[in-house]
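File shown: final_34.txt. Contents: compact mmCIF, C-alpha atoms.
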```txt
# COMPACT_ATOMS: atom_id res chain seq x y z
CA MET A 760 27.16 18.10 -33.59
CA ARG A 761 28.87 19.14 -30.40
CA GLY A 762 30.87 22.33 -30.67
CA THR A 763 34.40 22.61 -29.37
CA LYS A 764 36.06 25.52 -27.62
CA VAL A 765 39.00 27.09 -29.44
CA PRO A 766 41.69 27.79 -26.80
CA GLN A 767 43.58 30.32 -28.93
CA SER A 768 42.21 33.85 -28.45
CA SER A 769 42.45 36.59 -31.06
CA MET A 770 45.65 38.61 -30.88
CA ILE A 771 44.31 41.58 -32.82
CA CYS A 772 40.66 42.53 -33.02
CA LEU A 773 39.25 45.61 -34.78
CA VAL A 774 35.85 46.37 -33.27
CA SER A 775 34.04 49.47 -32.03
CA PRO A 776 31.45 49.69 -29.21
CA GLU A 777 28.97 51.02 -31.78
CA SER A 778 29.06 47.72 -33.70
CA ARG A 779 28.40 45.69 -30.54
CA ILE A 780 25.15 47.46 -29.63
CA PRO A 781 22.06 45.92 -31.31
CA GLU A 782 20.21 48.22 -33.68
CA GLY A 783 16.96 47.81 -31.78
CA HIS A 784 18.42 48.39 -28.32
CA PRO A 785 16.19 50.84 -26.36
CA LEU A 786 19.25 52.74 -25.12
CA ARG A 787 19.92 53.98 -28.66
CA ALA A 788 16.78 56.14 -28.61
CA VAL A 789 17.54 57.27 -25.05
CA LYS A 790 21.06 58.32 -26.08
CA LYS A 791 19.75 60.52 -28.90
CA LEU A 792 17.41 62.33 -26.51
CA VAL A 793 20.13 62.73 -23.86
CA ASP A 794 22.71 64.07 -26.32
CA ALA A 795 20.23 66.64 -27.64
CA ALA A 796 19.41 67.84 -24.11
CA LEU A 797 23.09 68.04 -23.12
CA LYS A 798 23.91 70.01 -26.26
CA ASP A 799 21.44 72.68 -25.13
CA LEU A 800 23.21 72.81 -21.75
CA ALA A 801 26.65 73.53 -23.27
CA PRO A 802 26.59 77.24 -22.20
CA VAL A 803 25.84 76.19 -18.61
CA PHE A 804 28.74 73.74 -18.61
CA GLU A 805 31.10 76.39 -20.00
CA GLY A 806 30.35 78.64 -17.03
CA MET A 807 31.07 75.88 -14.51
CA TYR A 808 34.78 75.48 -15.21
CA SER A 809 37.88 77.64 -15.41
CA ASN A 810 39.80 78.22 -18.64
CA ILE A 811 43.07 77.12 -17.01
CA GLY A 812 44.15 74.15 -14.95
CA ARG A 813 43.90 70.41 -15.28
CA PRO A 814 41.04 69.13 -17.47
CA SER A 815 38.18 67.54 -15.54
CA ILE A 816 35.88 64.68 -16.42
CA PRO A 817 33.25 66.20 -18.77
CA PRO A 818 30.03 66.98 -16.88
CA GLU A 819 28.12 65.34 -19.72
CA SER A 820 29.77 62.03 -18.79
CA LEU A 821 28.84 62.41 -15.13
CA LEU A 822 25.20 63.11 -15.95
CA LYS A 823 25.05 60.20 -18.39
CA ALA A 824 26.67 57.94 -15.79
CA THR A 825 24.01 58.90 -13.23
CA LEU A 826 21.28 58.06 -15.76
CA LEU A 827 22.87 54.65 -16.40
CA MET A 828 22.96 53.93 -12.68
CA ALA A 829 19.20 54.53 -12.52
CA LEU A 830 18.38 52.61 -15.70
CA PHE A 831 20.49 49.54 -14.84
CA SER A 832 20.01 49.38 -11.04
CA VAL A 833 23.65 50.08 -10.18
CA ARG A 834 23.68 50.61 -6.44
CA SER A 835 26.75 52.82 -5.95
CA ASP A 836 29.22 55.12 -7.69
CA ARG A 837 32.04 52.71 -6.98
CA MET A 838 30.22 49.74 -8.49
CA PHE A 839 29.41 51.76 -11.60
CA CYS A 840 33.07 52.64 -12.12
CA VAL A 841 33.99 48.96 -11.77
CA GLN A 842 31.42 47.99 -14.39
CA LEU A 843 32.46 50.85 -16.66
CA GLY A 844 35.86 49.18 -17.06
CA TYR A 845 34.39 46.15 -18.85
CA ASN A 846 30.84 47.05 -19.92
CA LEU A 847 30.88 48.02 -23.60
CA LEU A 848 27.30 49.31 -23.43
CA PHE A 849 28.22 51.80 -20.71
CA GLN A 850 31.34 52.90 -22.60
CA TRP A 851 29.33 53.42 -25.78
CA PHE A 852 26.68 55.47 -23.95
CA LEU A 853 29.38 57.71 -22.45
CA ASP A 854 31.14 58.11 -25.85
CA MET A 855 34.30 56.49 -24.47
CA ASP A 856 37.00 54.68 -26.40
CA MET A 857 37.39 50.98 -25.62
CA THR A 858 40.98 51.58 -24.47
CA GLU A 859 40.00 54.48 -22.22
CA ASP A 860 40.21 53.85 -18.47
CA ALA A 861 37.16 54.25 -16.25
CA PHE A 862 37.17 57.35 -14.07
CA HIS A 863 37.60 57.13 -10.29
CA PRO A 864 34.50 56.98 -8.04
CA THR A 865 35.58 60.13 -6.18
CA THR A 866 34.96 62.05 -9.42
CA PHE A 867 31.25 62.03 -8.56
CA THR A 868 31.91 63.41 -5.09
CA LYS A 869 34.30 66.13 -6.25
CA ASN A 870 31.96 67.40 -8.98
CA ARG A 871 28.61 67.03 -7.21
CA GLU A 872 28.87 70.41 -5.46
CA ARG A 873 29.65 72.13 -8.75
CA LEU A 874 26.61 70.56 -10.39
CA MET A 875 24.39 71.62 -7.50
CA ASP A 876 25.71 75.20 -7.48
CA HIS A 877 24.61 75.63 -11.10
CA ASP A 878 21.36 73.65 -10.65
CA VAL A 879 22.33 71.41 -13.57
CA ALA A 880 19.94 68.60 -12.61
CA ARG A 881 16.93 70.96 -12.73
CA GLU A 882 18.11 72.39 -16.06
CA PHE A 883 18.59 68.93 -17.56
CA PHE A 884 15.19 67.75 -16.29
CA ALA A 885 13.58 70.84 -17.83
CA ARG A 886 15.22 70.09 -21.20
CA VAL A 887 13.85 66.52 -21.12
CA VAL A 888 10.36 67.81 -20.29
CA GLY A 889 10.70 70.31 -23.14
CA GLN A 890 11.52 67.49 -25.56
CA ALA A 891 8.39 65.60 -24.48
CA LYS A 892 6.23 68.68 -24.95
CA ALA A 893 7.72 69.40 -28.38
CA ALA A 894 6.96 65.81 -29.44
CA GLY A 895 3.34 66.14 -28.32
CA LEU A 896 3.68 63.50 -25.60
CA MET A 897 2.51 65.65 -22.69
CA SER A 898 -0.91 66.96 -21.81
CA SER A 899 -1.10 70.65 -20.85
CA GLU A 900 -4.53 70.31 -19.22
CA HIS A 901 -4.80 67.19 -17.06
CA PHE A 902 -2.40 66.31 -14.26
CA SER A 903 -2.04 64.16 -11.16
CA VAL A 904 -0.04 64.76 -8.01
CA ASP A 905 1.16 62.54 -5.19
CA GLY A 906 4.01 62.11 -2.74
CA THR A 907 6.03 59.36 -1.12
CA LEU A 908 8.70 58.94 1.55
CA ILE A 909 12.33 58.26 0.67
CA GLU A 910 14.29 56.73 3.53
CA ALA A 911 17.28 58.84 4.53
CA TRP A 912 20.88 57.61 4.75
CA ALA A 913 20.87 57.89 8.54
CA SER A 914 20.28 55.46 11.37
CA LEU A 915 17.72 55.91 14.13
CA LYS A 916 20.68 55.70 16.51
CA SER A 917 21.80 59.07 15.18
CA PHE A 918 18.44 60.69 16.09
CA LYS A 919 19.36 62.44 19.33
CA ARG A 920 18.20 65.38 21.43
CA LYS A 921 19.22 68.73 20.01
CA ASP A 922 20.38 69.99 23.39
CA GLU A 923 22.36 66.84 24.14
CA PRO A 924 26.13 67.47 24.39
CA ALA A 925 28.43 65.69 21.99
CA GLU A 926 29.18 62.25 23.39
CA GLU A 927 32.64 61.15 24.24
CA LYS A 928 34.53 58.54 22.25
CA PRO A 929 32.88 55.12 22.79
CA ALA A 930 34.66 52.22 24.34
CA ALA A 931 37.13 50.34 22.15
CA ASN A 932 35.00 47.19 22.06
CA ASP A 933 31.89 49.18 21.10
CA ALA A 934 33.36 51.71 18.64
CA LYS A 935 31.87 50.64 15.29
CA ASN A 936 28.26 50.06 16.36
CA PRO A 937 27.60 51.45 19.84
CA THR A 938 24.62 50.13 21.77
CA VAL A 939 21.82 52.71 22.06
CA ASP A 940 18.66 52.06 24.07
CA PHE A 941 15.95 54.60 23.20
CA HIS A 942 12.93 52.47 24.14
CA GLY A 943 10.44 54.39 26.26
CA GLU A 944 11.93 57.73 25.20
CA LYS A 945 9.56 60.20 23.54
CA ARG A 946 11.26 61.45 20.40
CA GLY A 947 10.08 64.01 17.86
CA ASN A 948 11.38 66.36 15.19
CA GLU A 949 10.92 69.37 17.47
CA THR A 950 13.30 68.08 20.14
CA HIS A 951 15.52 65.62 18.24
CA ALA A 952 17.66 65.68 15.08
CA SER A 953 19.93 63.24 13.30
CA THR A 954 23.64 63.82 13.79
CA THR A 955 24.31 62.03 10.48
CA ASP A 956 21.77 63.90 8.34
CA PRO A 957 20.26 66.86 10.23
CA GLU A 958 17.83 67.67 7.39
CA ALA A 959 16.12 64.26 7.56
CA ARG A 960 12.86 64.07 9.53
CA LEU A 961 11.25 61.25 11.47
CA ALA A 962 8.11 60.23 9.55
CA ARG A 963 5.85 57.28 8.90
CA LYS A 964 3.64 56.31 5.97
CA GLY A 965 0.48 55.76 8.00
CA ASN A 966 -1.04 54.73 11.29
CA GLY A 967 0.53 51.58 12.63
CA LYS A 968 3.62 51.93 10.43
CA GLU A 969 7.13 52.29 11.77
CA ALA A 970 8.71 55.74 11.79
CA LYS A 971 11.94 56.26 9.85
CA LEU A 972 14.23 59.16 9.08
CA SER A 973 13.00 60.24 5.66
CA TYR A 974 12.60 62.88 2.99
CA ALA A 975 9.33 63.60 1.19
CA GLN A 976 9.34 63.30 -2.60
CA HIS A 977 6.56 64.89 -4.67
CA VAL A 978 5.67 64.31 -8.32
CA LEU A 979 3.40 66.18 -10.74
CA MET A 980 2.42 63.84 -13.59
CA GLU A 981 0.55 64.56 -16.80
CA ASN A 982 -2.28 62.13 -17.51
CA ARG A 983 -1.79 61.47 -21.24
CA ASN A 984 1.27 59.21 -21.11
CA GLY A 985 2.18 59.24 -17.43
CA LEU A 986 5.27 61.44 -17.83
CA ILE A 987 6.72 63.53 -15.00
CA VAL A 988 6.15 67.27 -15.42
CA ASP A 989 7.73 68.40 -12.15
CA MET A 990 9.14 66.93 -8.95
CA CYS A 991 10.81 68.08 -5.76
CA ILE A 992 12.17 66.95 -2.40
CA THR A 993 10.98 68.54 0.85
CA HIS A 994 11.23 67.89 4.57
CA ALA A 995 8.81 65.19 5.66
CA HIS A 996 5.96 66.64 7.73
CA GLY A 997 2.18 66.49 7.85
CA ARG A 998 1.48 69.22 5.30
CA ALA A 999 4.39 68.53 2.96
CA GLU A 1000 2.29 66.90 0.21
CA VAL A 1001 -0.31 69.67 0.03
CA GLU A 1002 2.24 72.52 0.12
CA ALA A 1003 4.51 70.90 -2.50
CA ALA A 1004 1.59 70.13 -4.82
CA TYR A 1005 0.39 73.73 -4.73
CA MET A 1006 3.94 74.98 -5.32
CA MET A 1007 4.43 72.75 -8.38
CA LEU A 1008 1.07 73.75 -9.86
CA GLU A 1009 2.00 77.41 -9.49
CA ARG A 1010 5.46 76.80 -10.92
CA ASN A 1011 4.00 75.18 -14.03
CA GLY A 1012 2.11 78.32 -14.97
CA PRO A 1013 -1.41 78.77 -16.34
CA THR A 1014 -2.51 77.80 -19.85
CA ARG A 1015 -5.28 79.07 -22.08
CA SER A 1016 -7.55 76.18 -21.15
CA ARG A 1017 -8.51 75.30 -17.61
CA ARG A 1018 -6.36 72.62 -15.99
CA THR A 1019 -7.34 69.73 -13.72
CA VAL A 1020 -5.30 67.98 -11.05
CA ALA A 1021 -6.18 64.58 -9.62
CA ALA A 1022 -5.05 63.47 -6.17
CA ASP A 1023 -5.89 61.04 -3.39
CA LYS A 1024 -7.85 61.71 -0.18
CA GLY A 1025 -4.83 63.20 1.55
CA TYR A 1026 -5.26 66.34 -0.56
CA ASP A 1027 -8.93 66.80 0.33
CA THR A 1028 -8.45 69.94 2.41
CA ARG A 1029 -10.19 73.30 2.19
CA ASP A 1030 -7.03 75.32 1.63
CA PHE A 1031 -5.71 73.07 -1.16
CA VAL A 1032 -9.04 72.91 -3.01
CA GLU A 1033 -9.62 76.65 -2.72
CA GLY A 1034 -6.00 77.40 -3.62
CA CYS A 1035 -6.25 75.30 -6.80
CA ARG A 1036 -9.40 77.09 -7.89
CA ARG A 1037 -7.73 80.44 -7.19
CA ILE A 1038 -4.96 79.70 -9.73
CA GLY A 1039 -7.34 78.30 -12.36
CA VAL A 1040 -6.95 74.58 -11.61
CA THR A 1041 -9.96 72.31 -11.08
CA PRO A 1042 -9.19 69.98 -8.14
CA HIS A 1043 -10.22 66.42 -9.03
CA VAL A 1044 -9.39 65.20 -5.53
CA ALA A 1045 -10.75 61.94 -4.12
CA MET A 1046 -13.51 62.73 -1.63
CA ASN A 1047 -12.70 62.07 2.01
CA ARG A 1048 -16.15 62.01 3.61
CA ALA A 1049 -14.70 60.70 6.88
CA ARG A 1050 -12.78 63.90 7.61
CA SER A 1051 -14.05 66.41 10.13
CA GLY A 1052 -16.42 68.80 8.37
CA GLY A 1053 -16.87 66.51 5.38
CA SER A 1054 -15.21 66.58 1.97
CA ALA A 1055 -14.09 69.85 0.41
CA ILE A 1056 -15.22 68.46 -2.99
CA ASP A 1057 -18.92 68.81 -3.78
CA GLY A 1058 -21.24 67.88 -6.61
CA ARG A 1059 -20.08 70.79 -8.77
CA THR A 1060 -16.88 68.85 -9.38
CA SER A 1061 -17.68 65.17 -8.80
CA ARG A 1062 -20.73 65.05 -11.10
CA HIS A 1063 -18.65 65.46 -14.26
CA GLU A 1064 -17.30 62.52 -16.28
CA GLY A 1065 -13.85 64.13 -16.28
CA TYR A 1066 -13.68 63.73 -12.52
CA GLN A 1067 -14.12 59.96 -12.82
CA LEU A 1068 -11.50 59.79 -15.59
CA SER A 1069 -9.01 61.73 -13.48
CA GLN A 1070 -9.56 59.37 -10.55
CA ARG A 1071 -8.79 56.43 -12.81
CA PHE A 1072 -5.71 57.92 -14.49
CA ARG A 1073 -4.12 59.32 -11.30
CA LYS A 1074 -3.21 55.82 -10.15
CA ARG A 1075 -0.54 55.66 -12.84
CA ILE A 1076 1.60 57.92 -10.67
CA GLU A 1077 2.29 54.87 -8.52
CA GLU A 1078 4.15 53.38 -11.50
CA ILE A 1079 6.68 56.20 -11.16
CA PHE A 1080 7.26 55.55 -7.47
CA GLY A 1081 7.40 51.80 -8.06
CA TRP A 1082 9.99 52.15 -10.85
CA GLU A 1083 12.29 54.48 -8.95
CA LYS A 1084 12.18 52.41 -5.75
CA THR A 1085 12.90 49.10 -7.51
CA VAL A 1086 14.76 49.67 -10.77
CA ALA A 1087 16.45 52.95 -9.83
CA ASN A 1088 17.25 51.80 -6.26
CA TYR A 1089 15.80 54.95 -4.72
CA ARG A 1090 13.82 53.38 -1.91
CA LYS A 1091 16.65 54.59 0.31
CA THR A 1092 18.83 57.49 -0.71
CA ARG A 1093 22.61 57.23 -0.94
CA LEU A 1094 23.16 60.95 -0.28
CA ARG A 1095 22.78 63.22 2.71
CA GLY A 1096 21.05 66.59 2.67
CA LYS A 1097 17.94 67.95 0.96
CA GLN A 1098 19.78 69.63 -1.94
CA ARG A 1099 21.77 66.52 -2.87
CA ASN A 1100 18.67 64.35 -2.72
CA GLU A 1101 16.70 66.74 -4.91
CA MET A 1102 19.46 66.55 -7.51
CA ALA A 1103 19.38 62.74 -7.39
CA SER A 1104 15.58 62.74 -7.56
CA LEU A 1105 15.50 64.99 -10.64
CA LEU A 1106 18.02 62.83 -12.52
CA ILE A 1107 16.06 59.68 -11.69
CA GLY A 1108 12.88 61.41 -12.86
CA ALA A 1109 14.64 62.40 -16.08
CA ALA A 1110 15.75 58.78 -16.59
CA TYR A 1111 12.15 57.61 -16.16
CA ASN A 1112 10.88 60.16 -18.68
CA LEU A 1113 13.61 59.30 -21.18
CA LEU A 1114 12.79 55.60 -21.00
CA ARG A 1115 9.08 56.26 -21.50
CA MET A 1116 9.72 58.73 -24.33
CA ALA A 1117 12.02 56.30 -26.13
CA LYS A 1118 9.22 53.72 -26.16
CA LEU A 1119 6.53 56.20 -27.16
CA LEU A 1120 8.60 57.60 -30.03
CA LEU A 1121 9.37 54.19 -31.55
CA PRO A 1122 7.93 53.92 -35.08
CA VAL A 1123 4.81 51.79 -35.33
CA ALA A 1124 5.49 48.60 -37.27
```
Starting from the file, give its structure as C-alpha cells.
Amino acid sequence: MRGTKVPQSSMICLVSPESRIPEGHPLRAVKKLVDAALKDLAPVFEGMYSNIGRPSIPPESLLKATLLMALFSVRSDRMFCVQLGYNLLFQWFLDMDMTEDAFHPTTFTKNRERLMDHDVAREFFARVVGQAKAAGLMSSEHFSVDGTLIEAWASLKSFKRKDEPAEEKPAANDAKNPTVDFHGEKRGNETHASTTDPEARLARKGNGKEAKLSYAQHVLMENRNGLIVDMCITHAHGRAEVEAAYMMLERNGPTRSRRTVAADKGYDTRDFVEGCRRIGVTPHVAMNRARSGGSAIDGRTSRHEGYQLSQRFRKRIEEIFGWEKTVANYRKTRLRGKQRNEMASLLIGAAYNLLRMAKLLLPVA
C-alpha cells in the first residue's frame, strides 16, 4: 500500500553518530588506521603548541579533515566546513559531538604554517607507510617510479618578465580581469616568473601539448599491492623526474636483497641507470632505442623474466595519478608554493594508501 508522510517531527531523539554509520562502511577501517598513526604523532603535536593561551582546533582534526576532503572529493576548505555542519559521517570521523559547531574555514589557513614547520604531513605519511610494512602489504624489493604535472594555482597572465617593473593600477573598467596579449612573445622560465606563484614553472606534458604553470609530482610505488612508498613535489623541468626518482631511491635505503625499480622510457638515461646500479638497485627501465646513442639498458637486464614482470606491474602507478586527479581533485592545486603543495600531496598520498590498506586488510569471507 502507499505510504504516507507523517508531518510531525520528533521533538527529542537520542542517537549517536556511531549508530548511524553502517558496520561495513569502509571508513571504519580507515579511521582505525588513522587514529593509530595520529596516536604515534602525539609528541610532535605537543611540541607545536604553547601551554598557555586560547585552545586551538586539535591538529588531529585538521589532518583528518584533509583526508576526508581527498576521500570524498570536497573541492575547498570552505565547502568542507559547510558539509561538516550537517554530515554525520564527517562528524563521526572527526570524533565530534552532534551538537558541536563546525570550525571556521580560516582554521586551515591559520594552522597550515604550523603543520609545515614541524613537517607533520611527512611524519604522518611515514606512519601510514610503517603500518603497511608491519602488516606485510609492501614489497621491500620491487618498485616502480613515475612523475606527473600538477597544474599550479596561477594564471598564464601572471607569467611576466622578471625584470619588468610592477604595473600600475589597471583601469576601473578592466580591474578584475585585465586584458593581456602575450601572443608572439617568447616566454621561458629563465626570463619569466609568475607574480601569483613564483615557484611554479611553465611546463608541458609532451610535444604538441599546451604549456601550463605547473609543479612536478613524483611517486615511488611498491609492486606488490600498488601502495605509495614515497612521494615528493619539485619544480617542473626537463630532468625533474630522473633526479627525484634517484633521490627517493636513496632516501628509502638499501635492503639485504637487491632491489629493482621499473620506469618508462623517460628514465632511460645513462646517469640514471648507472646511478641505480651504484646504490644496489637494478633498473628495469623501458628501453628507448630511438634515443641518441641507443638505450642504456642492455641484454644483461632485459633478458630476465623479472624485467618483463616489472614492465607489466609498473603501469599500476597510473592508478595513483588517476585517483588523485579525479577523486582527490588534485589535477590542479588549491595552494601556492612548493612546500604547501608537497604537504597537500603527502596527505593525498596517505589517503590513497589508507583506502587501499583498508580494503586489503578486510577479512576474507
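Atom CA of Leu843 of chain A sits 12.2 Å away from atom CA of Phe831 of chain A.
In terms of minimum interatomic distance to Gly1012 of chain A, A:Val988 ranks closest within A:Val988, A:His994, A:Gln767, A:Gly844, counting all atoms listed in the file.
What separates atom CA of Thr1019 of chain A from atom CA of Ser903 of chain A is a distance of 8.1 Å.
In terms of minimum interatomic distance to Leu847 of chain A, A:Val774 ranks closest within A:Val774, A:Ala962, A:Val803, A:Leu822, counting all atoms listed in the file.
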For segment 874-879 of chain A, find every residue with an atom within 8 Å (counting all atoms listed in the file), except residues of its own chain fewer than 6 positions away, and show them as a PDB file with C-alpha atoms, in the coordinates of the input.
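Below you can see out_20.pdb, which holds the result:
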```pdb
ATOM      1  CA  VAL A 803      25.840  76.190 -18.610  1.00  0.00           C
ATOM      2  CA  MET A 807      31.070  75.880 -14.510  1.00  0.00           C
ATOM      3  CA  GLN A1098      19.780  69.630  -1.940  1.00  0.00           C
ATOM      4  CA  ARG A1099      21.770  66.520  -2.870  1.00  0.00           C
ATOM      5  CA  MET A1102      19.460  66.550  -7.510  1.00  0.00           C
TER       6      MET A1102
END
```
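When all atoms listed in the file are used to compute distances to Arg871 of chain A, the closest of the residues A:Val887, A:Asn1100, A:Met980, A:Ala1109 turns out to be A:Asn1100.
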Mind listing as a ChimeraX atom specification all residues within 10 Å of (33.2, 69.0, -27.2), counting only C-alpha atoms?
/A:798,801,817,819
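Take atom CA of Arg886 of chain A and atom CA of Val793 of chain A: the distance between them is 9.2 Å.
Restricting the calculation to all atoms listed in the file, the smallest distance between Leu786 of chain A and any of A:His863, A:His951, A:Arg1050, A:Lys823 is found for A:Lys823.
For the choices A:Asn1011, A:Thr868, A:Thr907, A:Ser809, the atom-to-atom distance to Val978 of chain A is smallest for A:Thr907 when using all atoms listed in the file.
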Rebuild all heavy atoms on segment 897-906 of chain A, as an mmCIF file, in the coordinates of the input?
```
data_model
loop_
_atom_site.group_PDB
_atom_site.id
_atom_site.type_symbol
_atom_site.label_atom_id
_atom_site.label_comp_id
_atom_site.auth_asym_id
_atom_site.auth_seq_id
_atom_site.Cartn_x
_atom_site.Cartn_y
_atom_site.Cartn_z
ATOM 1 N N MET A 897 2.993 65.191 -23.991
ATOM 2 C CA MET A 897 2.510 65.650 -22.690
ATOM 3 C C MET A 897 1.210 66.432 -22.828
ATOM 4 O O MET A 897 1.061 67.251 -23.725
ATOM 5 C CB MET A 897 3.562 66.545 -22.018
ATOM 6 C CG MET A 897 4.651 65.792 -21.307
ATOM 7 S SD MET A 897 5.632 66.894 -20.261
ATOM 8 C CE MET A 897 6.656 65.671 -19.406
ATOM 9 N N SER A 898 0.311 66.186 -21.899
ATOM 10 C CA SER A 898 -0.910 66.960 -21.810
ATOM 11 C C SER A 898 -0.618 68.279 -21.084
ATOM 12 O O SER A 898 0.184 68.321 -20.155
ATOM 13 C CB SER A 898 -1.978 66.180 -21.042
ATOM 14 O OG SER A 898 -3.089 67.000 -20.741
ATOM 15 N N SER A 899 -1.251 69.348 -21.522
ATOM 16 C CA SER A 899 -1.100 70.650 -20.850
ATOM 17 C C SER A 899 -2.339 70.999 -20.035
ATOM 18 O O SER A 899 -2.448 72.109 -19.527
ATOM 19 C CB SER A 899 -0.863 71.738 -21.902
ATOM 20 O OG SER A 899 -1.968 71.808 -22.804
ATOM 21 N N GLU A 900 -3.268 70.028 -19.897
ATOM 22 C CA GLU A 900 -4.530 70.310 -19.220
ATOM 23 C C GLU A 900 -4.798 69.410 -18.023
ATOM 24 O O GLU A 900 -5.367 69.873 -17.030
ATOM 25 C CB GLU A 900 -5.692 70.182 -20.216
ATOM 26 C CG GLU A 900 -5.599 71.121 -21.405
ATOM 27 C CD GLU A 900 -6.696 70.867 -22.415
ATOM 28 O OE1 GLU A 900 -7.474 69.915 -22.206
ATOM 29 O OE2 GLU A 900 -6.784 71.618 -23.405
ATOM 30 N N HIS A 901 -4.398 68.149 -18.095
ATOM 31 C CA HIS A 901 -4.800 67.190 -17.060
ATOM 32 C C HIS A 901 -3.576 66.604 -16.372
ATOM 33 O O HIS A 901 -2.682 66.039 -17.027
ATOM 34 C CB HIS A 901 -5.652 66.082 -17.685
ATOM 35 C CG HIS A 901 -6.828 66.603 -18.463
ATOM 36 N ND1 HIS A 901 -7.853 67.308 -17.870
ATOM 37 C CD2 HIS A 901 -7.115 66.554 -19.787
ATOM 38 C CE1 HIS A 901 -8.739 67.654 -18.803
ATOM 39 N NE2 HIS A 901 -8.306 67.208 -19.967
ATOM 40 N N PHE A 902 -3.551 66.719 -15.039
ATOM 41 C CA PHE A 902 -2.400 66.310 -14.260
ATOM 42 C C PHE A 902 -2.831 65.506 -13.039
ATOM 43 O O PHE A 902 -4.013 65.501 -12.664
ATOM 44 C CB PHE A 902 -1.593 67.535 -13.804
ATOM 45 C CG PHE A 902 -1.150 68.436 -14.921
ATOM 46 C CD1 PHE A 902 -1.931 69.501 -15.335
ATOM 47 C CD2 PHE A 902 0.049 68.195 -15.575
ATOM 48 C CE1 PHE A 902 -1.528 70.323 -16.370
ATOM 49 C CE2 PHE A 902 0.459 69.007 -16.619
ATOM 50 C CZ PHE A 902 -0.333 70.069 -17.010
ATOM 51 N N SER A 903 -1.856 64.845 -12.432
ATOM 52 C CA SER A 903 -2.040 64.160 -11.160
ATOM 53 C C SER A 903 -0.870 64.475 -10.262
ATOM 54 O O SER A 903 0.240 64.746 -10.746
ATOM 55 C CB SER A 903 -2.151 62.635 -11.359
ATOM 56 O OG SER A 903 -3.279 62.293 -12.130
ATOM 57 N N VAL A 904 -1.093 64.439 -8.965
ATOM 58 C CA VAL A 904 -0.040 64.760 -8.010
ATOM 59 C C VAL A 904 -0.086 63.769 -6.855
ATOM 60 O O VAL A 904 -1.152 63.292 -6.470
ATOM 61 C CB VAL A 904 -0.196 66.215 -7.495
ATOM 62 C CG1 VAL A 904 -1.444 66.366 -6.641
ATOM 63 C CG2 VAL A 904 1.030 66.663 -6.740
ATOM 64 N N ASP A 905 1.077 63.439 -6.344
ATOM 65 C CA ASP A 905 1.160 62.540 -5.190
ATOM 66 C C ASP A 905 2.549 62.657 -4.587
ATOM 67 O O ASP A 905 3.465 63.257 -5.184
ATOM 68 C CB ASP A 905 0.874 61.087 -5.600
ATOM 69 C CG ASP A 905 0.408 60.240 -4.407
ATOM 70 O OD1 ASP A 905 0.375 60.780 -3.284
ATOM 71 O OD2 ASP A 905 0.088 59.061 -4.607
ATOM 72 N N GLY A 906 2.722 62.086 -3.422
ATOM 73 C CA GLY A 906 4.010 62.110 -2.740
ATOM 74 C C GLY A 906 4.327 60.781 -2.104
ATOM 75 O O GLY A 906 3.454 59.931 -1.937
#
```
